[in-house]
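Asks: The following block contains the structure, expressed as structure tokens.
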Protein chains: 2
Amino acid sequence: MKIKVLQDILSANDGIARRNQERLDKYGILTINVMASPGAGKTSLILQTISNLKSETRIAVIEGDISSTLDANKVQKQGVEVVQINTAGGCHLDANMTEIALNNLPLEDIDLLLIENVGNLVCPAEFALGEHKRVMLLSLPEGDDKPYKYPLMFTEADVVLLNKIDLLPHLEFNLPAFHKAVSGLNPKGKIFQVSCKTGEGLEDWFSWLQNEIKKTKSRLGS
Amino acid sequence: MKIKVLQDILSANDGIARRNQERLDKYGILTINVMASPGAGKTSLILQTISNLKSETRIAVIEGDISSTLDANKVQKQGVEVVQINTAGGCHLDANMTEIALNNLPLEDIDLLLIENVGNLVCPAEFALGEHKRVMLLSLPEGDDKPYKYPLMFTEADVVLLNKIDLLPHLEFNLPAFHKAVSGLNPKGKIFQVSCKTGEGLEDWFSWLQNEIKKTKSRLGS
């Protein structure tokens, strides 16, 4: 019975997610769901992305948080459109919340929509929002064993960003073991080693994004 | 309707949690629910605690994980009783899972039961297990703004352990701002700054635990 209820919720969510994606496709907006543990660097990645791509790309952001508008405030200072969703205790965004956020964005003026999910390595992976790609960050201090302990998110991510690589000299983190674990779960997923603080390695992320934006425009003929 | 279902679940959980606590009280077992984000140092804290207290205290551990027995294996090597709960996707432990774990522990031979919850700064705080005290870790790399973004866990913790304090020279972490934020949410909660890697600051945690074990024994007259 419990499982039945959960399936109903997930199936209703998937329906709204499909509707969101059709709407985003209509406007040719590449949409990325950014997921990670608390403090892994989601907001820093979004700020770096805005700062490096905003001259050539029209970017908007949906910020998901349990409470507070701390991250939305940081994003707004960069001069891009941002909508804050407060989940009031909920541990992930869902498609319905995303739809409401879309209603509050100028969709005709956006090329790239970045959605920052609630900090959580578990539930966000179960709820589609309407995104085209899923990106997750793991930060080095979280440890190299995390793919084994939180496998779903690592399995579903199109890109895994290994963040805070600048801390490598101060931590015991087995890079080959981490790469092997991720590749085992997700042979097609890309892994980029980056530092959102120093900027190291972010060129690969920017190139991937720019290429995906081009593919979206060309796929939709816009 | 959705809220009604959630309340039913929470209220059923609370009933089982009370039953668990009565059972733990019968045996005079101080029980601690250890909560944190993935990779914040829950297992390291438990291993340090075992290594420092096991000569005078009979310790057992319940390990909660979505999948894998990585942490339970580490704990078992220390020669203490351990039960692994795999939640199969669930993002927190609940009282029912805890009851099943208790059925598999030699309760008459335990003074201190440490329960490692699933790595998640959100949902574990909503589900009582039957524990006497709630302890959370925040690791320095997660950032000093986390009390504002995940307030419930900081509000409900009896002890907040600020872990990985050895990384302070390499990070921008505002200690006074963090202390102010936690005290604002939770004036009675204790804050200990520790490194489970170097052992720095852990004496305060051990003293607090030993005192709580004494209080439990004296309260229950065992």
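A note on labels: chains of the structure tokens are A, B, ... as shown, every chain counts residues from 1, and ligands are counted from 1 in their shown order.
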List every residue of chain A that DSSP, applied to the backbone, labels as alpha helix (DSSP H), and write the result as a PyMOL selection string.
Replies: chain A and resi 2-26+42-53+70-76+95-102+146-149+151-156+175-185+202-220
Asks: Looking only at the backbone, which of the residues in region 28-68 of chain A does DSSP tag as strand (DSSP E or B), as an MDAnalysis selection string?
Replies: chainID A and resid 30:35 59:65
Asks: What are the nearest atom pairs, with distances in Å to one decimal, for all residues of chain A that come at most 8 Å from chain B, using only C-alpha atoms, set out by chain and rising residue number as JSON lines?
Replies:
```
{"residue": "A:Ser37", "atom": "CA", "partner": "B:Ser37", "partner_atom": "CA", "distance": 6.5}
{"residue": "A:Pro38", "atom": "CA", "partner": "B:Glu142", "partner_atom": "CA", "distance": 6.3}
{"residue": "A:Gly39", "atom": "CA", "partner": "B:Glu142", "partner_atom": "CA", "distance": 3.8}
{"residue": "A:Ala40", "atom": "CA", "partner": "B:Glu142", "partner_atom": "CA", "distance": 6.4}
{"residue": "A:Asp65", "atom": "CA", "partner": "B:Lys149", "partner_atom": "CA", "distance": 6.7}
{"residue": "A:Ile66", "atom": "CA", "partner": "B:Lys149", "partner_atom": "CA", "distance": 6.3}
{"residue": "A:Ser67", "atom": "CA", "partner": "B:Lys149", "partner_atom": "CA", "distance": 5.6}
{"residue": "A:Ser68", "atom": "CA", "partner": "B:Lys149", "partner_atom": "CA", "distance": 6.0}
{"residue": "A:Gly89", "atom": "CA", "partner": "B:Val122", "partner_atom": "CA", "distance": 7.4}
{"residue": "A:Gly90", "atom": "CA", "partner": "B:Val122", "partner_atom": "CA", "distance": 7.8}
{"residue": "A:Cys91", "atom": "CA", "partner": "B:Val122", "partner_atom": "CA", "distance": 5.9}
{"residue": "A:Gly119", "atom": "CA", "partner": "B:Leu121", "partner_atom": "CA", "distance": 7.9}
{"residue": "A:Asn120", "atom": "CA", "partner": "B:Asn120", "partner_atom": "CA", "distance": 6.0}
{"residue": "A:Leu121", "atom": "CA", "partner": "B:Asn120", "partner_atom": "CA", "distance": 7.2}
{"residue": "A:Val122", "atom": "CA", "partner": "B:Cys91", "partner_atom": "CA", "distance": 5.9}
{"residue": "A:Cys123", "atom": "CA", "partner": "B:Cys91", "partner_atom": "CA", "distance": 6.8}
{"residue": "A:Pro141", "atom": "CA", "partner": "B:Gly39", "partner_atom": "CA", "distance": 6.8}
{"residue": "A:Glu142", "atom": "CA", "partner": "B:Gly39", "partner_atom": "CA", "distance": 3.8}
{"residue": "A:Gly143", "atom": "CA", "partner": "B:Gly39", "partner_atom": "CA", "distance": 5.9}
{"residue": "A:Lys146", "atom": "CA", "partner": "B:Pro38", "partner_atom": "CA", "distance": 7.6}
{"residue": "A:Tyr148", "atom": "CA", "partner": "B:Ser68", "partner_atom": "CA", "distance": 6.5}
{"residue": "A:Lys149", "atom": "CA", "partner": "B:Ser67", "partner_atom": "CA", "distance": 5.6}
{"residue": "A:Tyr150", "atom": "CA", "partner": "B:Ile66", "partner_atom": "CA", "distance": 6.6}
{"residue": "A:Pro151", "atom": "CA", "partner": "B:Ser67", "partner_atom": "CA", "distance": 7.9}
{"residue": "A:Leu167", "atom": "CA", "partner": "B:His170", "partner_atom": "CA", "distance": 7.6}
{"residue": "A:His170", "atom": "CA", "partner": "B:Leu167", "partner_atom": "CA", "distance": 7.6}
```
Asks: Can I get the selection written as a PDB file, in the first residue's frame, with C-alpha atoms?
Replies:
```pdb
ATOM      1  CA  SER A  37      24.857  17.282  -0.759  1.00  0.00           C
ATOM      2  CA  PRO A  38      24.619  20.460   1.332  1.00  0.00           C
ATOM      3  CA  GLY A  39      27.731  22.566   0.865  1.00  0.00           C
ATOM      4  CA  ALA A  40      29.166  20.614  -2.063  1.00  0.00           C
ATOM      5  CA  ASP A  65      15.916  25.661  -0.615  1.00  0.00           C
ATOM      6  CA  ILE A  66      14.087  24.463   2.463  1.00  0.00           C
ATOM      7  CA  SER A  67      14.076  27.997   3.766  1.00  0.00           C
ATOM      8  CA  SER A  68      16.026  31.262   3.274  1.00  0.00           C
ATOM      9  CA  GLY A  89      10.813  21.290   4.915  1.00  0.00           C
ATOM     10  CA  GLY A  90      10.639  19.243   1.715  1.00  0.00           C
ATOM     11  CA  CYS A  91      13.942  17.568   0.899  1.00  0.00           C
ATOM     12  CA  GLY A 119      21.043  19.891  -0.813  1.00  0.00           C
ATOM     13  CA  ASN A 120      20.485  16.133  -0.601  1.00  0.00           C
ATOM     14  CA  LEU A 121      22.213  13.174  -2.253  1.00  0.00           C
ATOM     15  CA  VAL A 122      19.116  10.968  -2.103  1.00  0.00           C
ATOM     16  CA  CYS A 123      15.582  12.115  -3.002  1.00  0.00           C
ATOM     17  CA  PRO A 141      35.796  16.265   1.561  1.00  0.00           C
ATOM     18  CA  GLU A 142      32.721  14.002   1.283  1.00  0.00           C
ATOM     19  CA  GLY A 143      34.982  11.037   0.516  1.00  0.00           C
ATOM     20  CA  LYS A 146      30.063   7.974  -1.805  1.00  0.00           C
ATOM     21  CA  TYR A 148      28.679   3.040  -3.286  1.00  0.00           C
ATOM     22  CA  LYS A 149      26.555   4.636  -0.564  1.00  0.00           C
ATOM     23  CA  TYR A 150      24.332   6.886  -2.715  1.00  0.00           C
ATOM     24  CA  PRO A 151      24.303   4.978  -6.003  1.00  0.00           C
ATOM     25  CA  LEU A 167      41.754  20.538  -1.244  1.00  0.00           C
ATOM     26  CA  HIS A 170      44.917  18.150   2.543  1.00  0.00           C
TER      27      HIS A 170
END
```
Asks: When you look at Lys42 (chain A) with a cut-off of 8 Å (counting only C-alpha atoms), what residues show up, excluding the ones that are within fewer than 5 positions of it in the same chain? I need them as a VMD selection string.
Replies: chain A and resid 34 to 36 116 137
Asks: Please provide the set of residues having any atom within 7 Å of Ala157 (chain B), restricted to only C-alpha atoms, with same-chain residues fewer than 2 positions apart removed, written as a PyMOL selection string.
Replies: chain B and resi 134-136+153-155+159-160+189
Asks: Would you mind exporting the chosen residues as a CSV table (one decimal), in the first residue's frame, restricted to N, CA and C atoms?
Replies:
```csv
chain,number,residue,atom,x,y,z
B,134,ARG,N,20.0,13.6,20.3
B,134,ARG,CA,20.3,13.8,18.9
B,134,ARG,C,21.6,14.5,18.8
B,135,VAL,N,22.4,14.0,18.0
B,135,VAL,CA,23.7,14.6,17.7
B,135,VAL,C,23.9,14.8,16.2
B,136,MET,N,24.3,16.0,15.8
B,136,MET,CA,24.6,16.2,14.4
B,136,MET,C,26.0,16.7,14.2
B,153,MET,N,17.3,20.5,11.7
B,153,MET,CA,18.3,19.7,12.4
B,153,MET,C,19.1,20.4,13.4
B,154,PHE,N,19.5,21.7,13.0
B,154,PHE,CA,20.3,22.5,14.0
B,154,PHE,C,19.4,22.8,15.2
B,155,THR,N,18.1,23.0,15.0
B,155,THR,CA,17.2,23.4,16.1
B,155,THR,C,17.0,22.2,17.1
B,159,VAL,N,23.6,18.1,20.6
B,159,VAL,CA,25.0,18.5,20.4
B,159,VAL,C,25.2,18.7,18.9
B,160,VAL,N,25.9,19.8,18.6
B,160,VAL,CA,26.3,20.0,17.2
B,160,VAL,C,27.9,19.9,17.2
B,189,GLY,N,21.6,24.0,22.8
B,189,GLY,CA,22.5,23.0,22.2
B,189,GLY,C,23.9,23.3,22.4
```
Asks: Please measure the separation of CA of Ser207 (chain A) and CA of Asn163 (chain A), giving the value in Å to one decimal.
Replies: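 Result for CA of Ser207 (chain A) versus CA of Asn163 (chain A): 16.9 Å, one decimal.
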Asks: Between CA of Leu30 (chain B) and CA of Asn13 (chain B), what distance in Å does the model show, to one decimal?
Replies: 20.0 Å
Asks: Can you work out which one of B:Leu24, B:Asn174, B:Arg18, B:Ile165 has the shortest atom-to-atom distance to Ser195 (chain B), counting only C-alpha atoms?
Replies: B:Ile165
Asks: Neighbouring residues of Ile115 (chain A) were defined as those with any atom within 9 Å, considering only C-alpha atoms; residues of the same chain fewer than 3 positions away were excluded. Please report them as an MDAnalysis selection string.
Replies: chainID A and resid 31:35 60:64 98 131
Asks: Which residue out of B:Ala12, B:Val82, B:Leu162, B:Ile29 has the minimum interatomic distance to Gly221 (chain B) when only C-alpha atoms are used?
Replies: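 Going through B:Ala12, B:Val82, B:Leu162, B:Ile29 one by one, the smallest distance to Gly221 (chain B) is for B:Ile29.
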Asks: Name the residues in contact with region 106-110 of chain B at a cut-off of 12 Å, using only C-alpha atoms, excluding same-chain residues fewer than 4 positions from it; report them as a PyMOL selection string.
Replies: chain B and resi 20+23-31+54+56-61+80-83+99+101-102+114+213+217+222
Asks: Put those residues in a file: N, CA and C atoms, as a PDB file, in the first residue's frame.
Replies:
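This went into out_2.pdb:
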```pdb
ATOM      1  N   ASN B  20      10.309   1.842  21.441  1.00  0.00           N
ATOM      2  CA  ASN B  20      11.754   1.567  21.408  1.00  0.00           C
ATOM      3  C   ASN B  20      12.449   2.185  22.616  1.00  0.00           C
ATOM      4  N   ARG B  23      11.936   0.318  25.806  1.00  0.00           N
ATOM      5  CA  ARG B  23      12.737  -0.907  25.792  1.00  0.00           C
ATOM      6  C   ARG B  23      14.200  -0.590  26.110  1.00  0.00           C
ATOM      7  N   LEU B  24      14.711   0.477  25.526  1.00  0.00           N
ATOM      8  CA  LEU B  24      16.101   0.880  25.781  1.00  0.00           C
ATOM      9  C   LEU B  24      16.269   1.300  27.234  1.00  0.00           C
ATOM     10  N   ASP B  25      15.256   1.981  27.773  1.00  0.00           N
ATOM     11  CA  ASP B  25      15.297   2.400  29.183  1.00  0.00           C
ATOM     12  C   ASP B  25      15.320   1.191  30.120  1.00  0.00           C
ATOM     13  N   LYS B  26      14.561   0.179  29.746  1.00  0.00           N
ATOM     14  CA  LYS B  26      14.507  -1.039  30.564  1.00  0.00           C
ATOM     15  C   LYS B  26      15.909  -1.625  30.760  1.00  0.00           C
ATOM     16  N   TYR B  27      16.744  -1.497  29.728  1.00  0.00           N
ATOM     17  CA  TYR B  27      18.098  -2.052  29.785  1.00  0.00           C
ATOM     18  C   TYR B  27      19.144  -0.990  30.157  1.00  0.00           C
ATOM     19  N   GLY B  28      18.685   0.257  30.384  1.00  0.00           N
ATOM     20  CA  GLY B  28      19.632   1.313  30.761  1.00  0.00           C
ATOM     21  C   GLY B  28      20.624   1.671  29.668  1.00  0.00           C
ATOM     22  N   ILE B  29      20.157   1.662  28.421  1.00  0.00           N
ATOM     23  CA  ILE B  29      21.051   1.927  27.269  1.00  0.00           C
ATOM     24  C   ILE B  29      20.884   3.367  26.794  1.00  0.00           C
ATOM     25  N   LEU B  30      21.926   4.182  26.967  1.00  0.00           N
ATOM     26  CA  LEU B  30      21.890   5.530  26.384  1.00  0.00           C
ATOM     27  C   LEU B  30      21.970   5.398  24.860  1.00  0.00           C
ATOM     28  N   THR B  31      21.008   5.995  24.161  1.00  0.00           N
ATOM     29  CA  THR B  31      20.939   5.825  22.703  1.00  0.00           C
ATOM     30  C   THR B  31      21.027   7.179  22.000  1.00  0.00           C
ATOM     31  N   LYS B  54      35.755   2.162  24.546  1.00  0.00           N
ATOM     32  CA  LYS B  54      35.312   0.760  24.622  1.00  0.00           C
ATOM     33  C   LYS B  54      35.907  -0.006  25.802  1.00  0.00           C
ATOM     34  N   GLU B  56      35.942   0.955  28.846  1.00  0.00           N
ATOM     35  CA  GLU B  56      35.094   1.129  30.034  1.00  0.00           C
ATOM     36  C   GLU B  56      33.597   1.081  29.731  1.00  0.00           C
ATOM     37  N   THR B  57      33.210   1.081  28.459  1.00  0.00           N
ATOM     38  CA  THR B  57      31.796   1.181  28.087  1.00  0.00           C
ATOM     39  C   THR B  57      31.450   0.103  27.059  1.00  0.00           C
ATOM     40  N   ARG B  58      30.323  -0.555  27.262  1.00  0.00           N
ATOM     41  CA  ARG B  58      29.896  -1.570  26.283  1.00  0.00           C
ATOM     42  C   ARG B  58      29.085  -0.864  25.196  1.00  0.00           C
ATOM     43  N   ILE B  59      29.635  -0.828  24.003  1.00  0.00           N
ATOM     44  CA  ILE B  59      29.066  -0.037  22.905  1.00  0.00           C
ATOM     45  C   ILE B  59      28.504  -0.963  21.829  1.00  0.00           C
ATOM     46  N   ALA B  60      27.368  -0.567  21.247  1.00  0.00           N
ATOM     47  CA  ALA B  60      26.857  -1.230  20.045  1.00  0.00           C
ATOM     48  C   ALA B  60      26.474  -0.158  19.035  1.00  0.00           C
ATOM     49  N   VAL B  61      26.386  -0.561  17.773  1.00  0.00           N
ATOM     50  CA  VAL B  61      26.135   0.413  16.697  1.00  0.00           C
ATOM     51  C   VAL B  61      25.067  -0.120  15.757  1.00  0.00           C
ATOM     52  N   VAL B  80      32.982  -4.399  18.099  1.00  0.00           N
ATOM     53  CA  VAL B  80      31.720  -4.135  18.805  1.00  0.00           C
ATOM     54  C   VAL B  80      30.550  -4.704  17.987  1.00  0.00           C
ATOM     55  N   GLU B  81      29.433  -4.888  18.656  1.00  0.00           N
ATOM     56  CA  GLU B  81      28.228  -5.403  17.992  1.00  0.00           C
ATOM     57  C   GLU B  81      27.711  -4.352  17.006  1.00  0.00           C
ATOM     58  N   VAL B  82      27.388  -4.769  15.794  1.00  0.00           N
ATOM     59  CA  VAL B  82      26.854  -3.826  14.812  1.00  0.00           C
ATOM     60  C   VAL B  82      25.753  -4.499  13.990  1.00  0.00           C
ATOM     61  N   VAL B  83      24.696  -3.757  13.749  1.00  0.00           N
ATOM     62  CA  VAL B  83      23.620  -4.209  12.865  1.00  0.00           C
ATOM     63  C   VAL B  83      23.509  -3.205  11.720  1.00  0.00           C
ATOM     64  N   GLU B  99      13.452  -0.724  15.466  1.00  0.00           N
ATOM     65  CA  GLU B  99      12.932  -1.817  16.289  1.00  0.00           C
ATOM     66  C   GLU B  99      13.478  -3.164  15.787  1.00  0.00           C
ATOM     67  N   ALA B 101      16.230  -3.658  14.211  1.00  0.00           N
ATOM     68  CA  ALA B 101      17.651  -3.728  14.576  1.00  0.00           C
ATOM     69  C   ALA B 101      17.810  -4.087  16.050  1.00  0.00           C
ATOM     70  N   LEU B 102      16.961  -3.505  16.919  1.00  0.00           N
ATOM     71  CA  LEU B 102      17.050  -3.808  18.356  1.00  0.00           C
ATOM     72  C   LEU B 102      16.811  -5.299  18.621  1.00  0.00           C
ATOM     73  N   LEU B 114      24.955   3.662  19.531  1.00  0.00           N
ATOM     74  CA  LEU B 114      25.117   4.749  18.561  1.00  0.00           C
ATOM     75  C   LEU B 114      24.405   4.357  17.271  1.00  0.00           C
ATOM     76  N   ILE B 213      25.910   8.917  29.965  1.00  0.00           N
ATOM     77  CA  ILE B 213      25.764   7.495  30.319  1.00  0.00           C
ATOM     78  C   ILE B 213      25.508   7.372  31.823  1.00  0.00           C
ATOM     79  N   LYS B 217      22.128   5.828  33.712  1.00  0.00           N
ATOM     80  CA  LYS B 217      22.162   4.752  34.714  1.00  0.00           C
ATOM     81  C   LYS B 217      21.499   5.216  36.009  1.00  0.00           C
ATOM     82  N   SER B 222      19.788   1.770  37.401  1.00  0.00           N
ATOM     83  CA  SER B 222      20.410   0.482  37.035  1.00  0.00           C
ATOM     84  C   SER B 222      21.901   0.541  37.326  1.00  0.00           C
TER      85      SER B 222
END
```
